[in-house]
Every structure is written in C-alpha cells, then in structure tokens.
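**Q** Below is the structure I would like to discuss, written out as structure tokens.
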Amino acid sequence: MQILIVPDHFKGSLTAQEAAAAIHVGFQAIFPDWQYQLLPLADGGEGTLDLLLQALSGERVAVPVQDPLGRIMEADIGIVDGGHTALIEMAQASGLLLLRPDERNPLQTASTGTGELIRAALDQGCRKIVVGIGGSATNDGGMGLLTALGLRFYDASDKLLTPSGAALAQVRQIDTQHVDERLRDCTVEIICDVNNPLLGAFGATYMFGPQKGADTKMLETLEAGLKNYAACMEKTIGRTIREIPGSGAAGGVGAACLAFLDAQLRPGIEVIAELIDLDEKIRSADLIITGEGCIDAQTVRGKTIAGVARRCQQFGKPLIALAGSRSGSADALRELGVAVVLTSIPRLGEEAEIFAGGTEDLRETARNVATLLRLGGERL
C-alpha cells in the first residue's frame, strides 16, 4: 500500500515536517510494511520559504527588518534562478508567531518588514519576486509594506502617517511619487493561502482579525479603517480592487500589491503543487493523508487541505484530513472530496500546554485511524 502524507504546518505547534513525521510514526506502528512518502506542504504561510528553497535549490540571505511591532530582527529571503528570482515569506518578517499572545493587536502592527524584504530583493538585483503572504500578524492593508517601498500616506491635515491598523481610518492621500523605481522592471507574484475579498463578512478583518488579537470593538474599527483606505487606494489608481479574490489576504496586503506593485495573485497551494509535481504523487498513491492546525471556514477558501482535496477528487483517491481542532461543519470539505475529518486535541487546557502536546496527539490520532483501517479490512 502506497501512502502519501502531505500536511501543512499546525500553527504554533508543529512544522509541516514535524506533522508529517508524527502521522508517519502513528501509521507505521500499525502498518509497518506499507510504503510511505512524506511530502510536507505550504500554501504561502509559514514554511513556504523552506519548501521552495528545497524544491528550487536556492540560497538564503539574512536581512535586518522590522517585526510587526517595529523591533529590529533578522529574516531570510531566498535567491534562486541564478540570482534572477527572490523568494519571500511574509511570516518571516510580519508573522503572527513572531509575537507573544499578549502582543497581538492588529491596530498596532504593520507589514513594514515584508516591504523591507522586497527592497532587499531589489538590492540583490532580482527582477522577479515571489511573496508568500500567509501567517501574518497585520491588518494594515499593506500600508507598512508600501511605505518601505517609498509610498507615503497623509491624513486630512497633510501629516505623514506611520503605518498601522489604526492609521487606516486617517488616510486621505497616497503619494506614489517616491516609489522604488526598480519595481518598474520587476515582476511581483503573490502566493496566498486564501481567496477572500478585502472587505465584508469574509474579508480581511472579520475572517482573520480575531486570530490576530482583535476583539469585537477592534474589528469594527479596523473594518471602517480598511473601507476608508480602500477608497483612497482606488481613487489613487483609478480602478476597483476590493472584490478581487485574494485582496483580503494578509490583512489587505493582497490589495496593496494588486494596486501598487502590479502583482499577480496566485493560490499558494497551486504554485507549490506545480513545483513538486503533486498531481503525479497523488495519482501514484493508494491513500493520501493531509492536515493543518485548525480546520475552519478558511480551509475551503484556498488552504492546503482544499487544494489537496480537489486533486484527490480528480484522481478518485481517498483522502483523510487530520487537524488539531475544527470549528463549524465539515460538509464543505466532504463535498471537496475529503473522506474523513478528525481532530487530535484530546483535552481542554491552556494554549501553550495544548501546543506542547501536538506531536503526541497527532501521532496517536494517526495510529487510531490506521487501527480503524485494519479493523475494517484495509480496503480503500
């Protein structure tokens, strides 16, 4: 039996590599003679840079940048294709996991560090820049990213604004005169893990703000600010971008890159799948196992599990999805072709305690799945 194990990371608990290893150990305890292929995945968020560098044989370059709260740190960019192409992972500079839980406040955070990574790629002479924008801590509409590349934002009194989620409501004018000229000769490709629009119930703020630390009042403030900001952007560029799928990714960074970097937005899992020839690997497997930290309403909107599920459905292959937790109905995933959805958290507790037990819990869940398969006669 050929088993393909293709999980994404379990946010805050396990990398994709660690998740794949835990699932493998659990299954192998019951079926030691089966053949296993471990293929950790990413969709634009944490782990994307590592996966791309492994697939494309590139080199890392360390860059000093600002973290989401403006503190100086180092983040990596990848250089591939003989120095022509740069690979950037937003989570490296502006990621949620860079902050302690008590520091998460999207009114205060900014995406400046990601813009600094793009600027560093230009300094390296790269003329194609691929940016994975999942896993962000920000809801600033890409204001920080654009500021790092030379744009300026002013309020009603012509005062220069410092990027943040709170500053979105104050923007009245966007000055593009000083944008980095090197961008004119550069292609920017954005890979994102969701296809949400910028505004509304499924937009940047209401879908992703809570996990970034926003309470109900913050959500209302951020949404109002983002609506004002969107109007200013659209007035500046002369076209509407707020409804474009993916414009709401990374707290509006998708919209900023569409508006001012002439970027192309692509689903992260689709880019990764092409690079690693995922279709052929699924076609050759008898059973596929995927997973992520939390299965929720976001999962079907471009996440790794959804991308894997569509491929398994296309080739008529059974798919099991494992997660740390799940919220809402799993019916949408079943419609995509997921045969079984299981969660691995066996107890209530503090977040740090639950995350610390992630490997053991996932391994035990995988073992239970394998045991059920054995009891059922192993027919797939």
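Chains: A, B, ... in order of the structure tokens. Residues: from 1 per chain. Ligands: from 1, in order shown.
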Mind checking which residues fall within 10 Å of A:Leu145, counting only C-alpha atoms, ignoring those fewer than 2 positions away in the same chain, and posting them as a PyMOL selection string?
**A** chain A and resi 94+110-119+140-143+147-151+163+253+256-257
**Q** Those same residues - all heavy atoms - I'd like them written as a compact mmCIF listing (two decimals), in the first residue's frame.
**A**
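File part.txt, as written:
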# COMPACT_ATOMS: atom_id res chain seq x y z
N SER A 94 6.73 39.54 9.22
CA SER A 94 5.49 40.15 9.72
C SER A 94 4.52 39.09 10.23
O SER A 94 3.30 39.27 10.19
CB SER A 94 4.81 40.95 8.59
OG SER A 94 5.72 41.85 7.97
N ALA A 110 2.20 46.34 11.86
CA ALA A 110 2.37 46.82 10.49
C ALA A 110 3.21 45.83 9.69
O ALA A 110 4.03 45.09 10.24
CB ALA A 110 3.02 48.20 10.47
N SER A 111 3.02 45.86 8.38
CA SER A 111 3.69 44.94 7.46
C SER A 111 4.99 45.50 6.89
O SER A 111 5.49 45.02 5.87
CB SER A 111 2.74 44.60 6.30
OG SER A 111 2.33 45.79 5.63
N THR A 112 5.57 46.47 7.56
CA THR A 112 6.76 47.16 7.07
C THR A 112 7.90 46.19 6.77
O THR A 112 8.60 46.32 5.75
CB THR A 112 7.22 48.20 8.10
OG1 THR A 112 6.10 49.00 8.48
CG2 THR A 112 8.32 49.08 7.54
N GLY A 113 8.12 45.23 7.64
CA GLY A 113 9.23 44.29 7.45
C GLY A 113 9.15 43.52 6.15
O GLY A 113 10.19 43.22 5.53
N THR A 114 7.95 43.19 5.72
CA THR A 114 7.81 42.48 4.45
C THR A 114 8.21 43.38 3.28
O THR A 114 8.86 42.92 2.33
CB THR A 114 6.36 41.98 4.28
OG1 THR A 114 6.03 41.12 5.37
CG2 THR A 114 6.20 41.22 2.97
N GLY A 115 7.86 44.65 3.36
CA GLY A 115 8.32 45.59 2.33
C GLY A 115 9.83 45.72 2.33
O GLY A 115 10.45 45.87 1.27
N GLU A 116 10.43 45.66 3.51
CA GLU A 116 11.89 45.72 3.59
C GLU A 116 12.54 44.48 2.96
O GLU A 116 13.63 44.57 2.37
CB GLU A 116 12.31 45.89 5.05
CG GLU A 116 11.92 47.25 5.61
CD GLU A 116 12.10 47.36 7.12
OE1 GLU A 116 12.07 46.32 7.80
OE2 GLU A 116 12.25 48.49 7.60
N LEU A 117 11.87 43.33 3.06
CA LEU A 117 12.37 42.13 2.38
C LEU A 117 12.32 42.30 0.87
O LEU A 117 13.23 41.89 0.15
CB LEU A 117 11.57 40.90 2.81
CG LEU A 117 11.75 40.41 4.25
CD1 LEU A 117 10.85 39.20 4.50
CD2 LEU A 117 13.20 40.05 4.53
N ILE A 118 11.24 42.90 0.38
CA ILE A 118 11.13 43.15 -1.06
C ILE A 118 12.22 44.11 -1.51
O ILE A 118 12.87 43.92 -2.55
CB ILE A 118 9.74 43.70 -1.41
CG1 ILE A 118 8.66 42.65 -1.13
CG2 ILE A 118 9.68 44.15 -2.87
CD1 ILE A 118 7.24 43.14 -1.32
N ARG A 119 12.46 45.14 -0.71
CA ARG A 119 13.52 46.11 -1.04
C ARG A 119 14.89 45.42 -1.06
O ARG A 119 15.73 45.70 -1.92
CB ARG A 119 13.51 47.25 -0.04
CG ARG A 119 14.31 48.48 -0.47
CD ARG A 119 14.08 49.62 0.49
NE ARG A 119 14.59 49.34 1.82
CZ ARG A 119 14.05 49.80 2.95
NH1 ARG A 119 12.96 50.56 2.91
NH2 ARG A 119 14.58 49.51 4.11
N ASP A 140 -3.07 45.97 8.29
CA ASP A 140 -2.80 47.37 7.92
C ASP A 140 -3.00 47.64 6.44
O ASP A 140 -2.58 48.69 5.94
CB ASP A 140 -1.38 47.77 8.34
CG ASP A 140 -0.29 47.08 7.52
OD1 ASP A 140 -0.59 46.05 6.87
OD2 ASP A 140 0.85 47.58 7.53
N GLY A 141 -3.62 46.71 5.72
CA GLY A 141 -3.87 46.92 4.30
C GLY A 141 -2.61 46.99 3.47
O GLY A 141 -2.64 47.50 2.34
N GLY A 142 -1.51 46.50 4.00
CA GLY A 142 -0.23 46.60 3.28
C GLY A 142 0.39 47.98 3.35
O GLY A 142 1.36 48.27 2.65
N MET A 143 -0.12 48.81 4.24
CA MET A 143 0.38 50.18 4.37
C MET A 143 1.87 50.19 4.74
O MET A 143 2.66 50.97 4.19
CB MET A 143 -0.44 50.90 5.44
CG MET A 143 -0.18 52.38 5.58
SD MET A 143 -1.30 53.06 6.86
CE MET A 143 -0.77 54.76 6.89
N THR A 147 4.98 51.56 2.43
CA THR A 147 5.83 52.62 2.97
C THR A 147 7.30 52.26 2.82
O THR A 147 8.14 53.10 2.47
CB THR A 147 5.49 52.88 4.45
OG1 THR A 147 4.14 53.35 4.54
CG2 THR A 147 6.41 53.92 5.05
N ALA A 148 7.63 50.99 3.07
CA ALA A 148 9.02 50.54 2.94
C ALA A 148 9.50 50.64 1.49
O ALA A 148 10.71 50.71 1.24
CB ALA A 148 9.16 49.11 3.44
N LEU A 149 8.57 50.68 0.55
CA LEU A 149 8.93 50.76 -0.87
C LEU A 149 8.78 52.17 -1.44
O LEU A 149 8.87 52.36 -2.65
CB LEU A 149 8.06 49.78 -1.67
CG LEU A 149 8.31 48.30 -1.33
CD1 LEU A 149 7.31 47.41 -2.04
CD2 LEU A 149 9.74 47.89 -1.67
N GLY A 150 8.55 53.15 -0.55
CA GLY A 150 8.59 54.54 -0.98
C GLY A 150 7.28 55.28 -1.03
O GLY A 150 7.27 56.52 -1.21
N LEU A 151 6.15 54.61 -0.87
CA LEU A 151 4.88 55.33 -0.86
C LEU A 151 4.72 56.09 0.45
O LEU A 151 5.29 55.71 1.48
CB LEU A 151 3.70 54.37 -1.05
CG LEU A 151 3.40 53.98 -2.51
CD1 LEU A 151 4.39 52.95 -3.02
CD2 LEU A 151 1.98 53.45 -2.64
N PRO A 163 2.58 53.70 9.51
CA PRO A 163 1.72 52.56 9.18
C PRO A 163 1.26 51.78 10.41
O PRO A 163 2.04 51.50 11.32
CB PRO A 163 2.61 51.68 8.31
CG PRO A 163 3.67 52.58 7.79
CD PRO A 163 3.90 53.60 8.86
N VAL A 253 -2.78 43.01 2.46
CA VAL A 253 -1.54 43.09 1.68
C VAL A 253 -1.81 42.68 0.23
O VAL A 253 -1.22 43.23 -0.71
CB VAL A 253 -0.44 42.20 2.31
CG1 VAL A 253 0.68 41.93 1.31
CG2 VAL A 253 0.12 42.89 3.55
N ALA A 256 -2.97 45.74 -1.56
CA ALA A 256 -1.87 46.71 -1.73
C ALA A 256 -0.96 46.31 -2.89
O ALA A 256 -0.55 47.15 -3.69
CB ALA A 256 -1.06 46.81 -0.44
N CYS A 257 -0.66 45.03 -2.99
CA CYS A 257 0.23 44.55 -4.06
C CYS A 257 -0.46 44.61 -5.41
O CYS A 257 0.17 44.90 -6.43
CB CYS A 257 0.70 43.14 -3.75
SG CYS A 257 1.78 43.03 -2.29
**Q** Out of stretch 53-243 of chain A, which residues get helix (DSSP H, G or I) from DSSP, as a VMD selection string?
**A** chain A and resid 53 to 56 81 to 83 90 to 94 96 to 98 101 to 103 112 to 123 143 to 148 166 to 170 181 to 185 204 to 208 210 to 212 216 to 237
**Q** What lies within 12 Å of A:Asp185 using only C-alpha atoms, ignoring chain neighbours under 4 positions off, as a list in words?
**A**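 Here the answer would be His84, Leu122, Gly125, Cys126, Arg127, Lys128, Ile129, Asp180, Glu181, Leu261 and Asp262 of chain A.
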**Q** Rank nothing, just name the residue among A:Pro106, A:Gly135, A:Gly246, A:Gly316 nearest to A:His9, using only C-alpha atoms.
**A**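 Answer, going by the shortest atom-to-atom distance: A:Gly135.
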**Q** In Å, how far is it from atom CA of A:Arg301 to atom CA of A:Glu335?
**A**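 Going from atom CA of A:Arg301 over to atom CA of A:Glu335 covers 13.3 Å.
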**Q** How many Å lie between atom CA of A:Gly12 and atom CA of A:Gly58, rounded to one decimal?
**A**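 Computing it gives 26.3 Å between the two atoms.
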**Q** Would you mind listing what lies within 7 Å of A:Asn105 as a PyMOL selection string, with only C-alpha atoms counted and same-chain residues fewer than 6 positions away left out?
**A** chain A and resi 212-214
**Q** To one decimal place, how far is atom CA of A:Ile190 from atom CA of A:Ile295 in Å?
**A**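 Atom-to-atom, atom CA of A:Ile190 and atom CA of A:Ile295 are spaced 23.4 Å apart.
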